[in-house]
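Working notes, structure below.
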Amino acid sequence: MGLFSFIRRLITGYDPGNPHDPRNPRIDRQRDAESDRDPQTDRDRSSLGGHDSQDSRNPRNSQDYADSRTRIPDRVFNPVQERPQPSSTPATPATSSPGNLDELARRLEMTADQLRAIVPAYRTFTIPKRTGGVRIIDAPVEQFKLFQRRLLKRVLGRLPVHQAATAYERGVSIVHHAMPHVLRQVVVRLDIRDFFPSITADRVRDYFKAIGWRGQALKLLTEWTTHQNKLPQGAPTSPKLANALCYRMDKRITMALAAGRVNMNPKTLEWERKSVGEIAYTRYADDLALSFNLDRHRNVKTAIYLVKRIVEDEGFRLHTRKKLRIMRKGDRQLVTGLVVNAGVNLPRSRRRQLRAVAHHLATGKRATMTPDQLRGWHTLQEMILAQSSNPPQ
């Protein structure tokens with residue numbers, strides 16, 4: 001202790017080396033910092049369990065990501081001001097009495113009595129899944145299928161669909177689903193479990209009501225497009241309705257990834273200054289694809305968790321173990337069966353097979369495909385080349 005400090009302490013009783021002295025300026029700075037702290041942030045931080053030694057691991061496979069149970073508060077996951085709401089504007093606006101039976105009859109160019117007389121009829125059968133098991137198909141009988149196609153063209157055709165949806169829409173295909181994920185450091189594939197059966201009749205009715213249909217028209221539209229309280233897999237109207245009903249889910253996922261929320265440290269709720277880079281998202285029916293131009297474990301992990309939360313909040317479930325795929329730059333990155341490492345193309349093994357079949361057919365040897373099947377594959381290759389060279393604007 002210096003002479004000046006000793007004299008000051010002798011006169012005033014103040015000890016600058018004592019951190020508990022109330023006259024110490026460090027006490028004032030600490031008190032100010034505590035008064036400016038957000039109590040909600042402290043509660044959220046404590047709910048995360050502080051520093052978890054288990055999270056210091058660096059898992060590099062799908063199972064570690066699936067087993068992760070990182071907890072992120074709802075205020076970070078889904079802020080109220082950014083959550084999109086279902087559109088209340090009819091996609092096909094009515095001109096006279098919006099949503100009534102007469103308006104529906106006018107669009108279908110039928111009478112109200114004819115609409116009331118339509119009785120939905122389906123035949124149910126199963127087809128084997130590629131991964132094992134069977135898929136239940138509820139296909140409408142021919143006469144009712146013709147009516148559903150009329151309904152699709154005149155009423156459902158203009159329903160809004162998010163740009164991330166690339167299945168069952170005119171002008172887009174599996175190529176457009178794969179193109180945003182070309183030349184990426186990490187590509188993630190997720191799969192929705194029981195996609196069509198998860199869309200219940202109540203959800204379909206609520207959607208039709210939200211876009212303006214009422215009364216008997218609302219009741220008939222729901223009956224015509226659902227079967228056994230769910231969206232039938234095999235009906236011409238189901239793909240379009242599924243995409244329309246997933247509009248909010250696609251928008252929420254796109255907003256969450258674009259807002260940079262994956263740049264947050266889930267343990268401390270602190271925002272990192274590192275850039276997360278670009279994160280692309282597309283959906284082809286029940287197949288979801290994410291891709292990152294920066295390979296950062298925490299960002300990939302948090303993005304998967306956010307997507308899982310949003311998908312479950314929208315009434316679906318993901319295959320988080322069986323069909324979760326995380327493919328890095330050194331792996332073969334596949335999106336809906338197409339390789340996207342350096343460009344969109346068929347896998348190399350498939351291209352070699354097609355060349356071998358073409359050679360066998362040309363030389364009269366036994367081939368594993370018929371000439372018509374080979375022409376079909378060549379047509380697919382030409383489509384991939386043409387669409388990947390001219391992306392949609």
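Chain labels A, B, ... are given in the sequence in which chains occur in the structure tokens; within each chain residues are numbered consecutively from 1, and ligands are likewise numbered from 1 in the order shown.
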
Query raised in the report: Which residues in segment 80-269 of chain A does DSSP call alpha helix (DSSP H)? List them as a PyMOL selection string.
Result: chain A and resi 101-108+112-116+142-151+174-178+201-210+215-225+238-245+247-258

Where does segment 311-331 of chain A meet segment 289-299 of chain A within 12 Å, residue by residue, with the nearest atom pair and distance in Å to one decimal for each, counting only C-alpha atoms, listed by chain and rising number, as CSV?
```
residue,atom,partner,partner_atom,distance
A:Lys323,CA,A:Ala289,CA,11.8
A:Leu324,CA,A:Ala289,CA,10.2
A:Arg325,CA,A:Ala289,CA,9.6
A:Ile326,CA,A:Leu290,CA,9.5
A:Met327,CA,A:Ser291,CA,9.3
A:Arg328,CA,A:Asp295,CA,7.9
A:Lys329,CA,A:Asp295,CA,8.9
A:Gly330,CA,A:Asp295,CA,11.7
```

Go ahead and dump the residues you just picked, N, CA, C and O atoms, as a PDB file, in the first residue's frame.
```pdb
ATOM      1  N   LYS A 323     -34.991 -41.011 -41.418  1.00  0.00           N
ATOM      2  CA  LYS A 323     -34.811 -40.383 -42.723  1.00  0.00           C
ATOM      3  C   LYS A 323     -34.116 -39.025 -42.658  1.00  0.00           C
ATOM      4  O   LYS A 323     -34.165 -38.272 -43.617  1.00  0.00           O
ATOM      5  N   LEU A 324     -33.479 -38.725 -41.557  1.00  0.00           N
ATOM      6  CA  LEU A 324     -32.684 -37.504 -41.472  1.00  0.00           C
ATOM      7  C   LEU A 324     -31.311 -37.771 -42.090  1.00  0.00           C
ATOM      8  O   LEU A 324     -30.617 -38.709 -41.703  1.00  0.00           O
ATOM      9  N   ARG A 325     -30.933 -36.934 -43.070  1.00  0.00           N
ATOM     10  CA  ARG A 325     -29.647 -37.088 -43.739  1.00  0.00           C
ATOM     11  C   ARG A 325     -28.898 -35.758 -43.697  1.00  0.00           C
ATOM     12  O   ARG A 325     -29.453 -34.724 -44.078  1.00  0.00           O
ATOM     13  N   ILE A 326     -27.650 -35.801 -43.244  1.00  0.00           N
ATOM     14  CA  ILE A 326     -26.781 -34.631 -43.230  1.00  0.00           C
ATOM     15  C   ILE A 326     -25.589 -34.957 -44.114  1.00  0.00           C
ATOM     16  O   ILE A 326     -24.794 -35.848 -43.796  1.00  0.00           O
ATOM     17  N   MET A 327     -25.464 -34.258 -45.231  1.00  0.00           N
ATOM     18  CA  MET A 327     -24.447 -34.565 -46.241  1.00  0.00           C
ATOM     19  C   MET A 327     -23.527 -33.366 -46.411  1.00  0.00           C
ATOM     20  O   MET A 327     -23.979 -32.272 -46.773  1.00  0.00           O
ATOM     21  N   ARG A 328     -22.260 -33.568 -46.158  1.00  0.00           N
ATOM     22  CA  ARG A 328     -21.282 -32.505 -46.290  1.00  0.00           C
ATOM     23  C   ARG A 328     -20.617 -32.539 -47.657  1.00  0.00           C
ATOM     24  O   ARG A 328     -20.907 -33.396 -48.485  1.00  0.00           O
ATOM     25  N   LYS A 329     -19.735 -31.590 -47.876  1.00  0.00           N
ATOM     26  CA  LYS A 329     -19.183 -31.394 -49.219  1.00  0.00           C
ATOM     27  C   LYS A 329     -18.477 -32.633 -49.733  1.00  0.00           C
ATOM     28  O   LYS A 329     -18.504 -32.929 -50.926  1.00  0.00           O
ATOM     29  N   GLY A 330     -17.807 -33.381 -48.844  1.00  0.00           N
ATOM     30  CA  GLY A 330     -17.104 -34.578 -49.283  1.00  0.00           C
ATOM     31  C   GLY A 330     -18.000 -35.768 -49.522  1.00  0.00           C
ATOM     32  O   GLY A 330     -17.537 -36.790 -50.059  1.00  0.00           O
TER      33      GLY A 330
END
```

**Report entry** Nearest-residue call for Ile192 of chain A, choices A:Ala358, A:Met110, A:Cys246, A:Ile127, using only C-alpha atoms
**Finding:**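 Smallest separation from Ile192 of chain A among the options: A:Cys246.
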
Query raised in the report: Quick one, how far is atom CA of Arg283 of chain A from atom CA of His162 of chain A?
Result: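 Result for atom CA of Arg283 of chain A versus atom CA of His162 of chain A: 9.6 Å, one decimal.
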
Query raised in the report: Could you pull the residues within 10 Å of segment 364-380 of chain A, counting only C-alpha atoms, minus those fewer than 6 positions along the same chain, as a PyMOL selection string?
Result: chain A and resi 345-346+350-351+353-358+386

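The interatomic distance for the pair atom CA of His176 of chain A and atom CA of Leu231 of chain A works out to 25.5 Å.
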
Query - For atom CA of Arg252 of chain A and atom CA of Asp194 of chain A, the interatomic separation in Å (one decimal) - result: 20.7 Å

Do you know which residues are at most 7 Å from segment 310-320 of chain A counting only C-alpha atoms, after dropping those on the same chain fewer than 6 positions away, and could you put them as a short mmCIF file (atom, residue, chain, number, x, y, z; two decimals) with N, CA, C and O atoms, in the first residue's frame?
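Generated output (selection_34.cif):
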```cif
data_model
loop_
_atom_site.label_atom_id
_atom_site.label_comp_id
_atom_site.auth_asym_id
_atom_site.auth_seq_id
_atom_site.Cartn_x
_atom_site.Cartn_y
_atom_site.Cartn_z
N ALA A 66 -30.26 -35.85 -34.16
CA ALA A 66 -31.62 -36.24 -33.80
C ALA A 66 -31.78 -36.34 -32.30
O ALA A 66 -32.85 -36.05 -31.76
N LEU A 190 -34.87 -33.82 -44.70
CA LEU A 190 -35.80 -34.27 -43.68
C LEU A 190 -37.08 -34.75 -44.37
O LEU A 190 -37.38 -34.34 -45.50
N ASP A 191 -37.82 -35.59 -43.68
CA ASP A 191 -39.02 -36.18 -44.26
C ASP A 191 -40.17 -36.07 -43.28
O ASP A 191 -40.01 -36.38 -42.09
N ILE A 192 -41.33 -35.62 -43.77
CA ILE A 192 -42.53 -35.52 -42.95
C ILE A 192 -43.22 -36.88 -42.90
O ILE A 192 -43.44 -37.51 -43.94
N ARG A 193 -43.58 -37.31 -41.73
CA ARG A 193 -44.21 -38.61 -41.55
C ARG A 193 -45.71 -38.52 -41.84
O ARG A 193 -46.39 -37.63 -41.34
N SER A 198 -51.92 -36.68 -42.31
CA SER A 198 -51.82 -35.74 -41.19
C SER A 198 -52.69 -34.50 -41.39
O SER A 198 -52.93 -33.75 -40.44
N MET A 249 -46.56 -22.88 -43.07
CA MET A 249 -45.39 -23.60 -42.59
C MET A 249 -44.16 -23.25 -43.42
O MET A 249 -43.08 -22.98 -42.87
N ILE A 253 -40.78 -21.30 -41.92
CA ILE A 253 -39.44 -21.86 -42.01
C ILE A 253 -38.52 -20.92 -42.77
O ILE A 253 -37.38 -20.65 -42.36
#
```
